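See below for target33.csv, which holds CSV, C-alpha atoms.
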```csv
chain,number,residue,atom,x,y,z
A,1,MET,CA,0.7,11.8,17.2
A,2,ILE,CA,-0.9,11.2,13.8
A,3,THR,CA,-3.8,13.7,13.4
A,4,SER,CA,-4.9,12.7,9.8
A,5,ILE,CA,-4.2,10.7,6.7
A,6,GLU,CA,-4.9,12.9,3.7
A,7,PRO,CA,-4.2,13.3,0.0
A,8,LEU,CA,-0.8,14.7,-0.9
A,9,GLY,CA,-1.0,18.4,-1.2
A,10,LYS,CA,1.5,21.2,-0.7
A,11,HIS,CA,3.1,19.3,2.3
A,12,GLU,CA,6.7,20.0,3.2
A,13,ARG,CA,8.5,16.8,2.2
A,14,ARG,CA,12.2,17.7,2.5
A,15,ALA,CA,12.5,16.6,6.2
A,16,PHE,CA,11.0,13.2,5.5
A,17,SER,CA,13.4,10.2,5.8
A,18,CYS,CA,12.4,6.6,6.1
A,19,GLY,CA,16.0,5.5,5.6
A,20,VAL,CA,15.5,4.0,2.2
A,21,ALA,CA,17.0,6.4,-0.4
A,22,ALA,CA,14.8,5.2,-3.3
A,23,LEU,CA,11.6,5.8,-1.3
A,24,ASP,CA,12.8,9.1,0.1
A,25,ASP,CA,13.8,10.3,-3.3
A,26,TRP,CA,10.5,9.2,-4.9
A,27,PHE,CA,8.5,10.9,-2.2
A,28,ARG,CA,10.5,14.1,-2.3
A,29,LEU,CA,11.0,14.4,-6.1
A,30,ARG,CA,8.4,12.3,-8.0
A,31,ALA,CA,5.3,11.7,-5.9
A,32,GLY,CA,3.7,15.0,-6.9
A,33,GLN,CA,4.5,14.3,-10.6
A,34,ASP,CA,3.0,10.9,-10.4
A,35,GLU,CA,-0.1,12.5,-8.9
A,36,LYS,CA,-0.4,15.0,-11.8
A,37,ARG,CA,0.2,12.3,-14.4
A,38,ASN,CA,-2.6,10.1,-12.9
A,39,VAL,CA,-0.3,7.2,-12.3
A,40,ALA,CA,-0.5,7.2,-8.5
A,41,ARG,CA,-2.6,8.7,-5.7
A,42,VAL,CA,-0.4,9.5,-2.8
A,43,PHE,CA,-1.7,9.9,0.8
A,44,VAL,CA,0.3,11.2,3.8
A,45,ALA,CA,0.1,10.7,7.5
A,46,ILE,CA,0.3,14.0,9.3
A,47,ASP,CA,1.9,14.2,12.8
A,48,ASP,CA,1.0,17.3,14.8
A,49,ARG,CA,4.7,18.0,15.6
A,50,LEU,CA,6.7,16.6,12.7
A,51,GLY,CA,4.5,17.2,9.7
A,52,VAL,CA,4.6,14.3,7.2
A,53,ALA,CA,5.2,11.1,9.2
A,54,GLY,CA,4.5,8.6,6.4
A,55,PHE,CA,3.0,8.0,3.0
A,56,TYR,CA,1.6,5.4,0.7
A,57,SER,CA,0.7,5.4,-3.0
A,58,LEU,CA,-2.2,3.7,-4.7
A,59,SER,CA,-2.7,2.7,-8.3
A,60,THR,CA,-4.0,-0.1,-10.4
A,61,ILE,CA,-2.4,-3.2,-11.7
A,62,THR,CA,-3.5,-6.3,-13.5
A,63,LEU,CA,-2.8,-9.9,-12.5
A,64,THR,CA,-3.0,-13.1,-14.5
A,65,ILE,CA,-4.2,-16.5,-13.2
A,66,PRO,CA,-0.6,-18.0,-13.4
A,67,ASP,CA,0.6,-15.1,-11.2
A,68,LEU,CA,-1.4,-16.5,-8.3
A,69,PRO,CA,-0.7,-19.4,-5.9
A,70,PRO,CA,-2.6,-22.5,-7.1
A,71,GLU,CA,-5.1,-22.4,-4.2
A,72,GLN,CA,-5.9,-18.7,-5.0
A,73,ALA,CA,-6.0,-19.2,-8.7
A,74,LYS,CA,-9.3,-21.1,-8.3
A,75,ARG,CA,-11.1,-18.0,-7.0
A,76,PRO,CA,-11.3,-15.5,-9.9
A,77,PRO,CA,-12.9,-16.3,-13.3
A,78,ARG,CA,-10.6,-17.4,-16.1
A,79,TYR,CA,-10.1,-14.0,-17.7
A,80,ASP,CA,-6.8,-13.0,-19.3
A,81,LEU,CA,-6.3,-10.1,-16.8
A,82,ILE,CA,-7.7,-9.8,-13.3
A,83,PRO,CA,-8.0,-6.3,-11.8
A,84,ALA,CA,-6.2,-5.3,-8.6
A,85,ALA,CA,-5.1,-2.3,-6.6
A,86,LEU,CA,-1.4,-1.7,-5.9
A,87,ILE,CA,0.0,-0.2,-2.8
A,88,GLY,CA,3.2,0.7,-4.7
A,89,ARG,CA,5.1,2.5,-1.9
A,90,LEU,CA,4.5,2.7,1.8
A,91,ALA,CA,7.0,4.3,4.2
A,92,ARG,CA,7.1,5.9,7.6
A,93,ASP,CA,9.6,8.5,8.8
A,94,GLN,CA,12.4,7.2,11.0
A,95,ARG,CA,11.4,9.7,13.7
A,96,VAL,CA,8.1,7.8,14.3
A,97,ARG,CA,9.6,4.3,14.3
A,98,GLY,CA,7.8,2.0,16.8
A,99,GLN,CA,4.7,4.1,16.8
A,100,ARG,CA,2.7,1.9,14.5
A,101,VAL,CA,2.5,4.5,11.7
A,102,GLY,CA,3.1,1.8,9.1
A,103,GLU,CA,0.1,-0.1,10.4
A,104,LEU,CA,-2.1,3.0,10.3
A,105,LEU,CA,-1.0,3.7,6.7
A,106,LEU,CA,-1.7,0.1,5.6
A,107,ALA,CA,-5.1,0.1,7.3
A,108,ASP,CA,-6.0,3.4,5.6
A,109,ALA,CA,-4.9,2.1,2.2
A,110,VAL,CA,-6.9,-1.1,2.6
A,111,ARG,CA,-10.0,0.8,3.7
A,112,ARG,CA,-9.7,3.1,0.6
A,113,VAL,CA,-9.3,0.1,-1.7
A,114,VAL,CA,-12.3,-1.7,-0.1
A,115,SER,CA,-14.4,1.5,-0.4
A,116,ALA,CA,-13.4,1.9,-4.1
A,117,ALA,CA,-14.2,-1.8,-4.7
A,118,SER,CA,-17.9,-1.1,-4.2
A,119,THR,CA,-17.9,0.8,-7.5
A,120,LEU,CA,-14.7,-0.5,-9.2
A,121,ALA,CA,-13.9,-4.1,-9.6
A,122,VAL,CA,-10.8,-5.1,-7.6
A,123,PHE,CA,-10.0,-8.7,-7.0
A,124,ALA,CA,-6.9,-8.2,-4.8
A,125,ILE,CA,-4.7,-5.7,-3.1
A,126,VAL,CA,-1.0,-6.0,-4.1
A,127,VAL,CA,2.1,-4.7,-2.4
A,128,GLU,CA,5.7,-4.5,-3.4
A,129,ALA,CA,7.9,-5.1,-0.4
A,130,LYS,CA,11.4,-3.6,-0.6
A,131,ASP,CA,13.0,-6.4,1.4
A,132,GLU,CA,12.3,-9.4,3.5
A,133,PRO,CA,11.5,-7.5,6.7
A,134,ALA,CA,8.9,-5.4,4.8
A,135,ALA,CA,7.4,-8.6,3.3
A,136,ALA,CA,7.1,-10.1,6.8
A,137,PHE,CA,5.3,-6.9,7.9
A,138,TYR,CA,2.7,-7.5,5.2
A,139,ARG,CA,2.4,-11.2,5.9
A,140,ASP,CA,1.6,-10.4,9.5
A,141,PHE,CA,-1.6,-8.7,8.1
A,142,GLY,CA,-2.6,-11.7,6.0
A,143,PHE,CA,-0.9,-10.9,2.7
A,144,LEU,CA,0.2,-13.9,0.7
A,145,THR,CA,3.3,-14.2,-1.4
A,146,PHE,CA,3.2,-14.6,-5.1
A,147,PRO,CA,4.9,-18.0,-6.1
A,148,ASN,CA,7.6,-16.5,-8.4
A,149,ARG,CA,8.1,-13.1,-6.7
A,150,PRO,CA,8.7,-13.4,-2.9
A,151,LEU,CA,8.7,-9.6,-2.4
A,152,ARG,CA,5.3,-9.1,-4.2
A,153,LEU,CA,2.4,-10.0,-1.9
A,154,PHE,CA,-1.4,-9.8,-2.1
A,155,ILE,CA,-4.6,-10.2,-0.2
A,156,PRO,CA,-7.9,-10.9,-2.0
A,157,VAL,CA,-10.3,-8.0,-1.4
A,158,ALA,CA,-12.9,-10.4,-0.1
A,159,ASP,CA,-10.4,-11.5,2.6
A,160,ALA,CA,-9.6,-7.9,3.4
A,161,ILE,CA,-13.3,-7.1,3.8
A,162,GLU,CA,-13.7,-10.1,6.1
A,163,ALA,CA,-10.7,-9.1,8.2
A,164,MET,CA,-12.0,-5.5,8.6
A,165,SER,CA,-15.4,-6.9,9.7
A,166,ARG,CA,-13.8,-9.1,12.3
A,167,ALA,CA,-11.7,-6.2,13.6
A,168,GLN,CA,-14.7,-3.9,13.9
A,169,SER,CA,-16.9,-6.5,15.7
A,170,GLY,CA,-14.1,-7.8,17.9
```
Encoded form (structure tokens):
Amino acid sequence: MITSIEPLGKHERRAFSCGVAALDDWFRLRAGQDEKRNVARVFVAIDDRLGVAGFYSLSTITLTIPDLPPEQAKRPPRYDLIPAALIGRLARDQRVRGQRVGELLLADAVRRVVSAASTLAVFAIVVEAKDEPAAAFYRDFGFLTFPNRPLRLFIPVADAIEAMSRAQSG
């Protein structure tokens, strides 16, 4: 059972395996370095029996109006660059498959971005899906596909805030 989602610290990472070598290697070998270099913030889901059961990273990214689908391109002002938050990596350990840990991680990431958006301008939350099943996971939560990059998806922060309000009141 997940007991907390917290910033990456001196957590034991060697046993973690999501089944995607690139994600496992990044988490085990480079996540701490990215933290120290201020290029990503990494958060881990802690399971009371297994230790680290999942993780995600947050950083910033910029978008351009042509990146967006036409119906979404009307929303932001016509600046050269539009600020966004990037959930660059999100993975759950194979040992907790089917326990909705990915959903918990995504919800926590969105909450953190929405909270930051009260003091830092963020138009959208962007995700990079590793494959089509991962993209479908994000689409199930309202993320939209970029026209020219089917594995890069986004949700406007205003839509995320609205969805969170509906979930809390419903």
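Minimum atom-to-atom distances from A:Ile5, A:Val110, A:Phe27, A:Pro66 to Asn148 of chain A were compared using all atoms listed in the file, and the lowest value belongs to A:Pro66.
Closest approach to Asp48 of chain A among A:Leu81, A:Gln72, A:Lys130, A:Val96 is made by A:Val96 (distances from all atoms listed in the file).
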Write out as a Markdown table a residue-level contact list of segment 96-137 of chain A versus segment 15-25 of chain A with cut-off 12 Å: for each qualifying residue the closest pair of atoms and the distance in Å to one decimal, counting all atoms listed in the file, rows sorted by chain and residue number upward.
```
| residue | atom | partner | partner_atom | distance |
| --- | --- | --- | --- | --- |
| A:Val96 | CA | A:Cys18 | CA | 9.3 |
| A:Arg97 | CA | A:Cys18 | CA | 9.0 |
| A:Val101 | CA | A:Cys18 | CA | 11.6 |
| A:Gly102 | CA | A:Cys18 | CA | 10.9 |
| A:Ala129 | CA | A:Leu23 | CA | 11.5 |
| A:Lys130 | CA | A:Val20 | CA | 9.1 |
| A:Asp131 | CA | A:Val20 | CA | 10.7 |
| A:Ala134 | CA | A:Val20 | CA | 11.8 |
```
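Considering only C-alpha atoms, the residue among A:Leu120, A:Val52, A:Val113, A:Asn38 positioned nearest to Pro156 of chain A is A:Val113.
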- Task: Go through A:Leu90, A:Met1, A:Ala158, A:Ala121 and flag the residue nearest Ala107 of chain A, using only C-alpha atoms for the distances.
- Result: A:Leu90
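Distance check against Phe55 of chain A using all atoms listed in the file: of A:Ala84, A:Leu29, A:Ala40, A:Leu105, the minimum falls on A:Leu105.
Across the structure, atom CA of Gln33 of chain A and atom CA of Pro133 of chain A are spaced 28.7 Å apart.
Nearest-residue note for Arg78 of chain A: choosing from A:Thr64, A:Phe141, A:Ala91, A:Glu6, the minimum distance belongs to A:Thr64, counting only C-alpha atoms.
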Give the centre and edge lengths of an axis-aligned box, in Å to one decimal, that holds all listed atoms of segment 131-146 of chain A with 4 Å on each side, as JSON.
```
{"center_x": 5.2, "center_y": -10.0, "center_z": 2.2, "size_x": 23.6, "size_y": 17.2, "size_z": 22.6}
```
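Interatomic distance, atom CA of Arg149 of chain A against atom CA of Ala136 of chain A: 13.9 Å.
For the atom pair formed by atom CA of Val126 of chain A and atom CA of Glu35 of chain A, the distance is 19.1 Å, given to one decimal.
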